[in-house]
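Okay, data_28.txt now, which holds compact mmCIF, C-alpha atoms:
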```txt
# COMPACT_ATOMS: atom_id res chain seq x y z
CA MET Z 1 48.67 -4.82 1.67
CA GLU Z 2 48.51 -6.36 5.14
CA HIS Z 3 51.15 -5.29 7.61
CA GLN Z 4 53.29 -8.22 8.81
CA GLN Z 5 53.68 -7.00 12.40
CA ARG Z 6 50.78 -7.80 14.73
CA TRP Z 7 50.33 -7.43 18.42
CA ARG Z 8 52.92 -9.56 20.17
CA PRO Z 9 52.41 -10.59 23.80
CA THR Z 10 55.15 -10.28 26.33
CA VAL Z 11 56.78 -13.30 27.96
CA ASN Z 12 54.73 -12.89 31.11
CA GLU Z 13 51.46 -12.66 29.15
CA ARG Z 14 52.33 -15.78 27.16
CA GLU Z 15 53.15 -17.78 30.27
CA PHE Z 16 49.99 -16.61 32.01
CA ILE Z 17 47.76 -17.70 29.13
CA GLU Z 18 49.45 -21.11 28.79
CA ARG Z 19 49.30 -21.86 32.53
CA ALA Z 20 45.65 -20.90 32.62
CA LEU Z 21 44.89 -23.26 29.75
CA GLN Z 22 46.72 -26.11 31.48
CA SER Z 23 44.28 -25.59 34.37
CA ASP Z 24 41.29 -25.67 31.93
CA LEU Z 25 40.76 -21.95 32.38
CA ARG Z 26 40.80 -19.14 29.86
CA VAL Z 27 41.51 -15.46 30.12
CA ASP Z 28 37.89 -14.43 29.59
CA GLY Z 29 36.54 -17.04 32.04
CA ARG Z 30 35.30 -19.62 29.52
CA ARG Z 31 35.98 -23.30 29.41
CA PRO Z 32 38.11 -24.79 26.59
CA PHE Z 33 35.12 -25.90 24.47
CA ASP Z 34 32.78 -22.95 25.01
CA PHE Z 35 31.88 -20.38 22.34
CA ARG Z 36 31.63 -16.74 23.10
CA ARG Z 37 28.24 -15.06 23.09
CA LEU Z 38 26.79 -15.12 19.57
CA LYS Z 39 24.46 -12.35 18.40
CA ILE Z 40 22.95 -12.08 14.91
CA LEU Z 41 21.40 -8.85 13.64
CA PHE Z 42 19.67 -8.21 10.32
CA GLY Z 43 19.43 -5.01 8.32
CA ARG Z 44 16.40 -3.37 6.74
CA GLU Z 45 17.12 -4.86 3.34
CA ASP Z 46 17.06 -8.56 2.61
CA GLY Z 47 20.48 -10.19 2.41
CA SER Z 48 22.27 -8.09 5.02
CA ALA Z 49 23.38 -9.45 8.41
CA GLU Z 50 25.77 -8.52 11.17
CA VAL Z 51 27.32 -11.10 13.50
CA GLN Z 52 28.83 -10.35 16.89
CA LEU Z 53 30.95 -13.14 18.36
CA GLY Z 54 32.33 -11.68 21.54
CA ASP Z 55 34.41 -8.68 20.49
CA THR Z 56 34.54 -9.79 16.85
CA ARG Z 57 32.08 -8.11 14.48
CA VAL Z 58 31.54 -9.03 10.84
CA MET Z 59 28.93 -7.75 8.41
CA GLY Z 60 27.76 -9.77 5.41
CA TYR Z 61 25.86 -8.48 2.39
CA ALA Z 62 24.56 -10.65 -0.47
CA THR Z 63 23.73 -9.41 -3.98
CA ALA Z 64 22.88 -11.01 -7.33
CA GLN Z 65 23.16 -10.18 -11.02
CA LEU Z 66 22.56 -11.90 -14.35
CA VAL Z 67 25.74 -13.11 -16.08
CA GLN Z 68 26.78 -15.66 -18.66
CA PRO Z 69 27.54 -19.09 -17.17
CA TYR Z 70 30.82 -20.95 -17.44
CA LYS Z 71 31.18 -23.12 -20.54
CA ASP Z 72 31.75 -26.29 -18.56
CA ARG Z 73 28.63 -25.59 -16.39
CA PRO Z 74 26.03 -23.91 -18.61
CA ASN Z 75 23.08 -24.84 -16.34
CA GLU Z 76 24.53 -23.62 -13.03
CA GLY Z 77 24.90 -20.25 -11.41
CA SER Z 78 27.90 -19.08 -9.42
CA LEU Z 79 28.71 -18.08 -5.83
CA ALA Z 80 31.63 -15.84 -4.88
CA ILE Z 81 32.92 -14.68 -1.49
CA PHE Z 82 34.77 -11.37 -1.13
CA THR Z 83 36.34 -10.10 2.09
CA GLU Z 84 37.40 -6.63 3.10
CA PHE Z 85 39.75 -5.97 6.00
CA SER Z 86 39.40 -2.40 7.22
CA PRO Z 87 41.98 -0.59 9.38
CA MET Z 88 39.05 0.22 11.65
CA ALA Z 89 38.92 -3.45 12.67
CA ASP Z 90 42.64 -3.87 13.42
CA PRO Z 91 45.60 -1.49 13.14
CA ALA Z 92 47.53 -4.30 11.43
CA PHE Z 93 45.11 -4.15 8.47
CA GLU Z 94 45.83 -1.65 5.74
CA PRO Z 95 43.54 -0.68 2.84
CA GLY Z 96 44.46 -1.82 -0.62
CA ARG Z 97 45.36 -5.22 -1.91
CA PRO Z 98 44.10 -8.01 0.41
CA GLY Z 99 46.74 -9.85 2.41
CA GLU Z 100 47.23 -13.52 3.20
CA SER Z 101 44.71 -13.50 6.04
CA ALA Z 102 41.98 -12.00 3.83
CA ILE Z 103 42.64 -14.48 1.02
CA GLU Z 104 42.68 -17.43 3.44
CA LEU Z 105 39.43 -16.29 5.05
CA GLY Z 106 37.62 -16.01 1.70
CA ARG Z 107 38.86 -19.40 0.47
CA VAL Z 108 37.89 -21.28 3.65
CA ILE Z 109 34.33 -19.93 3.59
CA ASP Z 110 33.99 -20.38 -0.19
CA ARG Z 111 35.19 -23.97 -0.04
CA GLY Z 112 32.75 -24.85 2.72
CA LEU Z 113 29.78 -23.41 0.77
CA ARG Z 114 30.52 -24.35 -2.84
CA GLU Z 115 32.10 -27.79 -2.52
CA SER Z 116 29.43 -28.97 -0.09
CA ARG Z 117 26.66 -27.90 -2.50
CA ALA Z 118 24.92 -26.01 0.27
CA VAL Z 119 23.28 -23.66 -2.26
CA ASP Z 120 21.43 -25.17 -5.22
CA MET Z 121 23.28 -23.74 -8.20
CA GLU Z 122 20.98 -25.20 -10.83
CA SER Z 123 18.04 -23.19 -9.45
CA LEU Z 124 19.98 -20.03 -10.40
CA CYS Z 125 19.79 -20.83 -14.12
CA VAL Z 126 17.44 -18.67 -16.21
CA VAL Z 127 18.39 -19.54 -19.82
CA ALA Z 128 20.82 -22.40 -20.23
CA GLY Z 129 24.12 -21.23 -21.65
CA LYS Z 130 23.08 -17.54 -21.72
CA HIS Z 131 21.74 -16.16 -18.44
CA VAL Z 132 22.33 -17.36 -14.88
CA TRP Z 133 22.31 -15.64 -11.49
CA SER Z 134 25.67 -14.89 -9.93
CA ILE Z 135 25.49 -14.56 -6.12
CA ARG Z 136 28.10 -12.39 -4.46
CA VAL Z 137 28.66 -12.20 -0.69
CA ASP Z 138 30.75 -9.31 0.63
CA LEU Z 139 32.18 -9.75 4.13
CA HIS Z 140 33.33 -6.62 5.95
CA ILE Z 141 35.45 -7.03 9.08
CA LEU Z 142 34.28 -4.35 11.49
CA ASP Z 143 36.19 -5.41 14.61
CA ASN Z 144 38.87 -8.06 15.00
CA GLY Z 145 38.47 -9.75 18.36
CA GLY Z 146 39.75 -13.15 17.21
CA ASN Z 147 38.34 -16.13 15.28
CA LEU Z 148 37.34 -14.20 12.14
CA ILE Z 149 36.64 -17.39 10.16
CA ASP Z 150 33.76 -18.57 12.34
CA ALA Z 151 32.17 -15.13 12.59
CA ALA Z 152 32.48 -14.46 8.85
CA ASN Z 153 31.05 -17.92 8.03
CA ILE Z 154 27.98 -17.30 10.20
CA ALA Z 155 27.53 -13.82 8.65
CA ALA Z 156 27.65 -15.31 5.14
CA LEU Z 157 25.07 -17.99 6.02
CA ALA Z 158 22.74 -15.46 7.65
CA ALA Z 159 22.97 -13.13 4.64
CA LEU Z 160 22.25 -15.95 2.18
CA SER Z 161 19.32 -17.21 4.29
CA THR Z 162 17.58 -13.84 4.17
CA PHE Z 163 18.54 -12.94 0.60
CA ARG Z 164 15.77 -12.69 -2.02
CA ARG Z 165 16.53 -12.53 -5.72
CA PRO Z 166 14.09 -10.82 -8.11
CA GLU Z 167 11.80 -13.04 -10.15
CA CYS Z 168 12.34 -13.12 -13.89
CA THR Z 169 10.46 -14.57 -16.84
CA VAL Z 170 11.57 -15.62 -20.30
CA GLY Z 171 9.61 -14.53 -23.37
CA GLY Z 172 9.88 -12.76 -26.70
CA GLU Z 173 9.67 -14.03 -30.23
CA ASP Z 174 12.71 -16.27 -29.88
CA GLY Z 175 11.95 -17.18 -26.26
CA GLN Z 176 15.34 -15.85 -25.11
CA GLN Z 177 14.38 -12.41 -23.78
CA VAL Z 178 14.59 -12.16 -19.99
CA THR Z 179 12.31 -9.80 -18.06
CA ILE Z 180 13.25 -8.96 -14.47
CA HIS Z 181 10.18 -8.03 -12.43
CA ASP Z 182 10.14 -5.33 -9.80
CA PRO Z 183 9.78 -6.54 -6.19
CA GLU Z 184 6.54 -4.55 -5.90
CA VAL Z 185 5.06 -6.39 -8.87
CA ARG Z 186 6.18 -9.90 -7.95
CA ASP Z 187 7.59 -11.12 -4.68
CA PRO Z 188 11.31 -11.95 -4.80
CA LEU Z 189 12.35 -15.57 -4.48
CA PRO Z 190 14.61 -16.98 -1.73
CA LEU Z 191 17.64 -19.12 -2.43
CA THR Z 192 17.41 -22.89 -2.22
CA ILE Z 193 19.75 -23.83 0.66
CA HIS Z 194 20.05 -27.53 1.41
CA HIS Z 195 22.06 -27.29 4.62
CA LEU Z 196 24.17 -24.84 6.63
CA PRO Z 197 27.89 -25.65 6.79
CA ILE Z 198 29.21 -24.26 10.09
CA ALA Z 199 32.91 -23.50 10.52
CA VAL Z 200 34.39 -24.38 13.93
CA THR Z 201 37.97 -23.29 14.59
CA PHE Z 202 40.29 -25.06 17.07
CA ALA Z 203 43.50 -23.56 18.46
CA TYR Z 204 46.41 -25.77 19.68
CA PHE Z 205 48.88 -24.87 22.39
CA GLY Z 206 52.11 -26.49 23.57
CA GLU Z 207 52.87 -29.62 21.59
CA GLY Z 208 49.27 -30.06 20.47
CA ASN Z 209 48.06 -31.55 23.72
CA ILE Z 210 45.92 -28.51 24.63
CA MET Z 211 43.17 -27.31 22.31
CA VAL Z 212 40.37 -24.75 22.64
CA ILE Z 213 37.40 -23.57 20.55
CA ASP Z 214 36.84 -20.02 19.36
CA PRO Z 215 40.21 -18.44 20.26
CA THR Z 216 40.37 -14.75 21.15
CA TYR Z 217 42.73 -12.18 19.73
CA LYS Z 218 45.35 -12.74 22.45
CA GLU Z 219 45.05 -16.52 22.27
CA GLU Z 220 45.70 -16.40 18.51
CA ALA Z 221 48.93 -14.55 19.19
CA VAL Z 222 50.08 -17.32 21.59
CA MET Z 223 48.74 -20.49 19.85
CA GLY Z 224 51.05 -22.90 18.04
CA GLY Z 225 48.56 -24.06 15.35
CA ARG Z 226 44.99 -23.84 14.14
CA MET Z 227 42.48 -26.08 12.38
CA THR Z 228 39.06 -25.20 10.97
CA ALA Z 229 36.46 -27.92 10.46
CA THR Z 230 33.36 -27.06 8.42
CA ILE Z 231 30.52 -29.40 9.31
CA ASN Z 232 26.72 -29.31 9.16
CA SER Z 233 24.09 -30.28 11.72
CA ASN Z 234 23.82 -33.79 10.27
CA GLY Z 235 27.48 -34.48 11.09
CA ASP Z 236 28.67 -34.35 7.46
CA VAL Z 237 32.18 -32.96 7.10
CA CYS Z 238 32.18 -30.28 4.39
CA ALA Z 239 35.79 -29.06 4.60
CA ILE Z 240 38.86 -29.08 6.84
CA GLN Z 241 41.54 -26.40 6.86
CA LYS Z 242 44.89 -26.82 8.68
CA ALA Z 243 46.86 -23.61 8.51
CA GLY Z 244 50.32 -24.88 9.26
CA GLY Z 245 51.91 -24.77 12.68
CA GLU Z 246 52.40 -27.77 14.94
CA GLY Z 247 51.25 -31.21 13.87
CA VAL Z 248 48.12 -32.82 15.27
CA MET Z 249 47.43 -36.50 15.84
CA SER Z 250 44.55 -38.22 14.06
CA SER Z 251 42.87 -39.09 17.36
CA VAL Z 252 42.80 -35.41 18.28
CA ILE Z 253 41.30 -34.56 14.87
CA MET Z 254 38.51 -37.10 15.37
CA GLN Z 255 37.81 -35.68 18.79
CA CYS Z 256 37.65 -32.19 17.28
CA LEU Z 257 35.18 -33.39 14.63
CA ARG Z 258 32.86 -34.87 17.27
CA ILE Z 259 32.93 -31.64 19.24
CA ALA Z 260 32.44 -29.61 16.06
CA SER Z 261 29.31 -31.57 15.09
CA VAL Z 262 27.68 -30.72 18.43
CA LYS Z 263 28.60 -27.06 18.17
CA ALA Z 264 27.43 -26.93 14.54
CA ALA Z 265 23.99 -28.21 15.54
CA ASP Z 266 23.68 -25.52 18.22
CA ILE Z 267 24.77 -22.71 15.91
CA THR Z 268 22.51 -23.98 13.10
CA SER Z 269 19.45 -23.93 15.37
CA LYS Z 270 20.35 -20.41 16.51
CA ILE Z 271 20.70 -19.16 12.92
CA LYS Z 272 17.39 -20.73 11.89
CA ASN Z 273 15.61 -19.25 14.88
CA GLU Z 274 16.95 -15.78 14.14
CA VAL Z 275 16.07 -16.06 10.45
CA SER Z 276 12.53 -17.25 11.22
CA THR Z 277 12.07 -14.39 13.67
CA TYR Z 278 13.27 -11.92 11.05
CA THR Z 279 11.02 -13.31 8.30
CA SER Z 280 7.96 -13.35 10.59
CA ALA Z 281 8.64 -9.75 11.64
CA LYS Z 282 9.03 -8.79 7.97
CA ALA Z 283 5.74 -10.49 7.08
CA LEU Z 284 4.02 -8.80 10.02
CA GLN Z 285 5.17 -5.42 8.77
CA LYS Z 286 3.60 -6.16 5.38
CA VAL Z 287 0.36 -7.24 7.04
CA LYS Z 288 0.27 -4.06 9.11
CA ARG Z 289 0.74 -1.94 6.02
CA LEU Z 290 -2.18 -3.55 4.17
CA PRO Z 291 -5.01 -2.20 6.43
CA ALA Z 292 -3.56 1.28 5.98
CA THR Z 293 -3.63 1.01 2.19
CA VAL Z 294 -6.14 -1.62 1.01
CA PRO Z 295 -9.21 -0.51 3.03
CA GLN Z 296 -8.68 3.01 1.81
CA LYS Z 297 -8.93 1.77 -1.78
CA ASP Z 298 -12.02 -0.27 -0.94
CA ASN Z 299 -13.72 2.51 0.99
CA VAL Z 300 -13.12 5.26 -1.53
CA PRO Z 301 -16.01 4.23 -3.82
CA ASP Z 302 -18.35 3.89 -0.83
CA VAL Z 303 -17.46 7.32 0.43
CA ALA Z 304 -17.73 8.73 -3.05
CA MET Z 305 -21.14 7.07 -3.49
CA LYS Z 306 -22.31 8.37 -0.14
CA GLU Z 307 -21.12 11.85 -0.97
CA SER Z 308 -22.68 11.67 -4.42
CA THR Z 309 -26.01 10.41 -3.02
CA ASP Z 310 -25.98 13.07 -0.35
CA GLY Z 311 -25.18 15.67 -2.98
CA ALA Z 312 -27.93 14.34 -5.25
CA LEU Z 313 -30.47 14.45 -2.41
CA GLU Z 314 -29.42 17.98 -1.56
CA ARG Z 315 -29.74 18.97 -5.22
CA GLN Z 316 -33.17 17.37 -5.50
CA SER Z 317 -34.35 19.09 -2.33
CA THR Z 318 -33.00 22.43 -3.50
CA LYS Z 319 -34.60 21.87 -6.91
CA ALA Z 320 -37.92 20.98 -5.31
CA SER Z 321 -37.80 24.04 -3.06
CA SER Z 322 -36.80 26.24 -6.00
CA ASP Z 323 -39.61 24.75 -8.12
CA VAL Z 324 -42.10 25.38 -5.35
CA ARG Z 325 -40.87 28.91 -5.03
CA GLN Z 326 -41.12 29.42 -8.77
CA ILE Z 327 -44.64 27.96 -8.80
CA SER Z 328 -45.67 30.15 -5.89
CA LYS Z 329 -44.11 33.14 -7.58
CA GLY Z 330 -45.90 32.23 -10.82
CA ASP Z 331 -49.21 31.90 -8.95
CA GLU Z 332 -48.67 35.25 -7.32
CA ASP Z 333 -47.81 36.86 -10.66
CA HIS Z 334 -50.82 35.17 -12.28
CA GLN Z 335 -53.10 36.30 -9.50
CA ASN Z 336 -51.70 39.80 -9.76
CA LYS Z 337 -52.40 39.75 -13.51
CA ASN Z 338 -55.95 38.49 -12.88
CA SER Z 339 -56.55 41.18 -10.29
CA SER Z 340 -55.23 43.81 -12.70
CA LEU Z 341 -57.54 42.46 -15.43
CA THR Z 342 -60.52 42.58 -13.12
CA VAL Z 343 -59.69 46.14 -12.10
CA ASP Z 344 -59.40 47.20 -15.73
CA ARG Z 345 -62.67 45.52 -16.65
CA THR Z 346 -64.51 47.05 -13.73
CA ALA Z 347 -63.23 50.44 -14.84
CA LYS Z 348 -64.41 49.79 -18.40
CA HIS Z 349 -67.76 48.55 -17.10
CA LYS Z 350 -68.25 51.74 -15.16
CA GLN Z 351 -67.41 53.75 -18.24
CA THR Z 352 -69.72 51.79 -20.56
CA SER Z 353 -72.60 51.67 -18.11
CA LYS Z 354 -73.04 55.43 -18.60
CA PHE Z 355 -73.53 54.97 -22.40
CA VAL Z 356 -77.15 55.30 -23.54
CA GLY Z 357 -78.37 53.69 -26.75
CA GLY Z 358 -77.46 50.52 -28.54
CA PRO Z 359 -79.19 47.22 -29.18
CA SER Z 360 -81.55 47.70 -26.24
CA ASN Z 361 -83.20 50.56 -28.20
CA TRP Z 362 -83.30 48.58 -31.45
CA ASP Z 363 -84.74 45.33 -30.19
CA PRO Z 364 -87.99 45.63 -28.20
CA TYR Z 365 -87.56 42.10 -26.78
CA SER Z 366 -84.18 42.72 -25.26
CA LYS Z 367 -84.75 43.89 -21.72
CA GLY Z 368 -81.96 44.77 -19.42
CA VAL Z 369 -79.22 43.85 -21.91
CA SER Z 370 -76.41 46.33 -21.57
CA LEU Z 371 -73.75 47.16 -24.09
CA SER Z 372 -71.04 46.41 -21.59
CA SER Z 373 -72.21 42.80 -21.21
CA LEU Z 374 -72.20 42.31 -24.97
CA ARG Z 375 -68.74 43.80 -25.37
CA ILE Z 376 -67.30 41.77 -22.47
CA SER Z 377 -68.84 38.56 -23.82
CA GLN Z 378 -67.12 39.12 -27.15
CA LEU Z 379 -63.75 39.42 -25.54
CA PRO Z 380 -61.56 36.22 -25.33
CA GLU Z 381 -61.71 34.31 -22.10
CA PRO Z 382 -59.16 35.50 -19.56
CA LEU Z 383 -56.15 33.43 -18.66
CA SER Z 384 -57.44 33.00 -15.17
CA ILE Z 385 -60.49 31.03 -16.42
CA VAL Z 386 -58.42 28.81 -18.73
CA LYS Z 387 -55.81 28.06 -16.13
CA ASP Z 388 -58.09 27.60 -13.16
CA ASN Z 389 -57.74 23.85 -13.24
CA LYS Z 390 -53.95 24.04 -13.49
CA GLN Z 391 -53.82 26.53 -10.68
CA GLU Z 392 -56.06 24.36 -8.53
CA ASP Z 393 -53.70 21.42 -9.16
CA VAL Z 394 -50.61 23.43 -8.37
CA GLU Z 395 -51.94 25.08 -5.24
CA PRO Z 396 -52.23 21.91 -3.14
CA MET Z 397 -48.67 20.90 -3.99
CA SER Z 398 -47.33 24.33 -3.19
CA THR Z 399 -49.20 24.39 0.10
CA GLU Z 400 -47.92 20.94 0.99
CA CYS Z 401 -44.29 21.68 0.10
CA ASN Z 402 -44.37 25.18 1.55
CA PRO Z 403 -47.10 25.73 4.10
CA GLU Z 404 -46.28 29.42 4.25
CA VAL Z 405 -47.50 29.87 0.71
CA LYS Z 406 -51.26 30.34 0.80
CA SER Z 407 -53.60 30.93 -2.08
CA LYS Z 408 -54.91 34.45 -2.21
CA PRO Z 409 -58.61 35.11 -2.85
CA ARG Z 410 -59.43 36.34 -6.26
CA PHE Z 411 -61.82 39.04 -5.05
CA THR Z 412 -61.55 41.31 -2.13
CA VAL Z 413 -64.36 41.69 0.32
CA GLY Z 414 -64.85 45.35 -0.39
CA GLU Z 415 -65.44 45.00 -4.16
CA PRO Z 416 -68.88 45.84 -5.48
CA ASP Z 417 -71.29 43.21 -6.79
CA GLU Z 418 -71.17 44.74 -10.22
CA THR Z 419 -67.55 43.76 -10.59
CA GLN Z 420 -68.33 40.16 -9.68
CA GLY Z 421 -71.19 40.10 -12.11
CA ALA Z 422 -69.11 41.56 -14.85
CA ILE Z 423 -66.45 38.92 -14.48
CA SER Z 424 -68.95 36.05 -14.83
CA PRO Z 425 -68.86 34.93 -18.50
CA LYS Z 426 -71.93 35.67 -20.70
CA SER Z 427 -72.41 35.00 -24.37
CA LEU Z 428 -74.65 36.58 -27.07
CA LYS Z 429 -76.73 33.42 -27.17
CA ASP Z 430 -77.74 33.88 -23.55
CA ALA Z 431 -78.78 37.45 -24.28
CA VAL Z 432 -81.01 36.49 -27.27
CA LYS Z 433 -82.50 33.41 -25.61
CA PRO Z 434 -85.72 35.10 -24.33
CA LYS Z 435 -86.67 36.21 -27.86
CA HIS Z 436 -86.75 32.63 -29.17
CA LYS Z 437 -88.85 31.49 -26.24
CA ARG Z 438 -91.47 34.16 -27.00
CA LYS Z 439 -91.69 33.19 -30.69
CA LYS Z 440 -92.21 29.55 -29.74
CA LYS Z 441 -95.01 30.49 -27.28
CA GLN Z 442 -96.79 32.66 -29.91
CA HIS Z 443 -96.56 29.89 -32.48
CA ASN Z 444 -98.08 27.39 -30.08
CA LYS Z 445 -100.94 29.77 -29.29
CA ASN Z 446 -101.70 30.27 -33.00
```
Rewrite the coordinates I just gave you, this time as structure tokens.
Amino acid sequence: MEHQQRWRPTVNEREFIERALQSDLRVDGRRPFDFRRLKILFGREDGSAEVQLGDTRVMGYATAQLVQPYKDRPNEGSLAIFTEFSPMADPAFEPGRPGESAIELGRVIDRGLRESRAVDMESLCVVAGKHVWSIRVDLHILDNGGNLIDAANIAALAALSTFRRPECTVGGEDGQQVTIHDPEVRDPLPLTIHHLPIAVTFAYFGEGNIMVIDPTYKEEAVMGGRMTATINSNGDVCAIQKAGGEGVMSSVIMQCLRIASVKAADITSKIKNEVSTYTSAKALQKVKRLPATVPQKDNVPDVAMKESTDGALERQSTKASSDVRQISKGDEDHQNKNSSLTVDRTAKHKQTSKFVGGPSNWDPYSKGVSLSSLRISQLPEPLSIVKDNKQEDVEPMSTECNPEVKSKPRFTVGEPDETQGAISPKSLKDAVKPKHKRKKKQHNKN
């Protein structure tokens, strides 16, 4: 409940303020029809704004939710204004049930917005007769420095201008199910605002002959009456509120409306400029975030491909080197086996060369045919002879891939000639060949 006692000026303070106004001067140095310095700030979230009009500070916050429409207006949404007077703003304000000043403030702003059709209510309809958007604007008075109506009206307009409602679609089997999309999935939608109704408050002093715009806290305590004219930049009168006090002539009201139209155009341009600056800064932040996220997604496959190709090349090179090493090792092992076979055969040849007797004693035509040559010719061909061609094919590749690997000679320099002769392949046909030649010669002679 609001406390009825406010700050009351003394007699000297009242006389000083009135005499200054008669001289077209004000306590803070302004002229009668000058506004105080206006500053509009926006929060991080869409739909929040703070207005500073001199020492007066008001914060506005807009929200939305799906509700059932009124029966007499099934295709229109709703707009509601709620005010909160905190003891932090003025010691005369007490928490709890709102007082007359809070109710009057909410009604003046609500009348200027709803009755002038500033916000398109039909665009808030989702399903006719079932689901519509209900917009709520909460106005918090942070500091009472006078003229709360004008500051709260500007805060409400700034909050509605930057508010974005989530996009929703209708689907389902019956076509009545509403799906609300996340802002990250689909961009929220702004409200359709046709014009900005600006509230301009006039204060009257004396018998109504002196009037000023944007009264301060001390001037409100001294004034005899007040009138608020809500008008847009086109000069259309949206609402007029006369809160009792001294009467005002019609000529003075017309003069106030002309002054209010000029001031409304200035404030409207300032609000639009601040909103455009905020939206451009918000869009720039989104653009700056994209290079940090999108190129990473695009470059990941390239990096992965590069890494995979590099890894594949490294694997192929390691495989090639390992294959060359295995081939070289296989050649060395094969050569070692061949050398061992040759050593064993030379040892056997030495042993068999000492044997006396055999086919050379039986056959008078066989001259110089040793038993060792016959036995060696009957043995299967060694692996070295069968795989000579393969080894010759492998050796150039191994030498090209690994120049350090060199083919070893099959025979050492110090080996005897008998060993080399023993290794050369001979068959039984070669040994018996001279006998057939002799028989053919004898037959020709006969």
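Going from CA of Ser134 (chain Z) to CA of Leu79 (chain Z) covers 6.0 Å.
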Practice task
Give the answer as one residue: which of Z:Ala62, Z:Ala260, Z:Val27, Z:Val51 has the shortest atom-to-atom distance to Arg164 (chain Z), using only C-alpha atoms?
Solution key: Z:Ala62
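Proximity ranking of Z:Leu189, Z:Ile210, Z:Ile135, Z:Met88 relative to Gly225 (chain Z) places Z:Ile210 first, based on only C-alpha atoms.
You will find CA of Leu148 (chain Z) at 16.3 Å from CA of Ala264 (chain Z).
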Problem - Close residues, Arg44 (chain Z) itself excluded, 10 Å, only C-alpha atoms, min 4 positions apart in chain, as a list in words - result: Ser48, Ala49 and Lys282 of chain Z
Practice task
Kindly indicate which residue among Z:Thr83, Z:Gln52, Z:Ser116, Z:Ser123 lies nearest to Lys39 (chain Z), using all atoms listed in the file for the distances.
Solution key: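 Distance minimum relative to Lys39 (chain Z) lands on Z:Gln52.
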Fill in the blank from the handout: Nearest to Val58 (chain Z), restricted to all atoms listed in the file and choosing among Z:Ile17, Z:Ala151, Z:Leu25, Z:Val132, comes out as Z:Ala151
Exercise for the section: Quote the spacing between CA of Arg19 (chain Z) and CA of Ile253 (chain Z) in Å to one decimal place. Expected result: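 We find that CA of Arg19 (chain Z) and CA of Ile253 (chain Z) lie 23.2 Å from each other.
With distances restricted to all atoms listed in the file, Z:Glu18 is the closest residue to Glu207 (chain Z) from Z:Ile240, Z:Glu18, Z:Gln68, Z:Ala118.
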Problem - 10 Å contact set for Val222 (chain Z), only C-alpha atoms, chain neighbours under 5 positions out, as a PyMOL selection string - result: chain Z and resi 8-10+13-15+17-18+203-206+217
Would you write out those residues with C-alpha atoms, as a PDB file, keeping the file's coordinate frame?
```
ATOM      1  CA  ARG Z   8      52.920  -9.560  20.170  1.00  0.00           C
ATOM      2  CA  PRO Z   9      52.410 -10.590  23.800  1.00  0.00           C
ATOM      3  CA  THR Z  10      55.150 -10.280  26.330  1.00  0.00           C
ATOM      4  CA  GLU Z  13      51.460 -12.660  29.150  1.00  0.00           C
ATOM      5  CA  ARG Z  14      52.330 -15.780  27.160  1.00  0.00           C
ATOM      6  CA  GLU Z  15      53.150 -17.780  30.270  1.00  0.00           C
ATOM      7  CA  ILE Z  17      47.760 -17.700  29.130  1.00  0.00           C
ATOM      8  CA  GLU Z  18      49.450 -21.110  28.790  1.00  0.00           C
ATOM      9  CA  ALA Z 203      43.500 -23.560  18.460  1.00  0.00           C
ATOM     10  CA  TYR Z 204      46.410 -25.770  19.680  1.00  0.00           C
ATOM     11  CA  PHE Z 205      48.880 -24.870  22.390  1.00  0.00           C
ATOM     12  CA  GLY Z 206      52.110 -26.490  23.570  1.00  0.00           C
ATOM     13  CA  TYR Z 217      42.730 -12.180  19.730  1.00  0.00           C
TER      14      TYR Z 217
END
```
Exercise for the section: Measuring atom to atom with all atoms listed in the file, identify which of Z:Ser233, Z:Ser280, Z:Thr216, Z:Gln241 is nearest to Arg258 (chain Z). Expected result: Z:Ser233
Practice task
Kindly extract all protein, DNA and RNA residues lying within 10 Å of the coordinates (29.7, -17.2, -15.8) given in the file, considering only C-alpha atoms, and supply them as a list in words.
Solution key: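 The distance filter leaves exactly Leu66, Val67, Gln68, Pro69, Tyr70, Lys71, Asp72, Arg73, Pro74, Glu76, Gly77, Ser78, Gly129, Lys130, His131, Val132, Trp133 and Ser134 of chain Z.
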